[in-house]
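Heads up, the thing below is written out as structure tokens.
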Amino acid sequence: MFTSMTLTNIYKINNTMNTMEQFQEDISMKFFGRSVSLAKAANQCVCCGKNATEFRDEISKREYRISSLCQHCQDEVFAQLPEED
Ligand SMILES: [Zn+2]
């Protein structure tokens, strides 16, 4: 009982992740004309296509793992966001 419930939960989590990845893939193809998974595999930026190997700090590195944006593109994107109060 416990085992099967756990397996069901794991399956659900995996399923959600795949949907998320598919969603990211669709968005990146639409906006950047580039596959986010291919960009990540080659350590490239999904936005500008340049190498994304140099980051200012751990936060920017982590951000790359989420958004696949290089330091330069992260700066551009976050500069446009309104400041949080
Ligand atoms: Zn970039």
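In the structure tokens, each chain is lettered A, B, ... as it comes, each chain's residues begin at 1, and ligands are numbered from 1 in order of appearance.
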(request) Enumerate as a list in words the residues within 12 Å of ligand 1, counting only C-alpha atoms and all ligand atoms. (result) Phe32, Arg34, Ala39, Lys40, Asn43, Gln44, Cys45, Val46, Cys47, Cys48, Gly49, Lys50, Asn51, Ala52, Thr53, Glu54, Phe55, Tyr64, Ser67, Ser68, Leu69, Cys70, Gln71, His72, Cys73, Gln74, Asp75, Glu76 and Val77 of chain A
(message) Based on the backbone DSSP call, show me all residues of stretch 5-81 of chain A assigned helix (DSSP H, G or I), as an NGL selection string.
(response) :A and (5-32 or 36-41 or 58-67 or 71-80)
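Note that the spacing between atom CA of A:Glu63 and atom CA of A:Val36 amounts to 13.5 Å.
The spacing separating atom CA of A:Arg56 from atom CA of A:Ala79 amounts to 15.3 Å.
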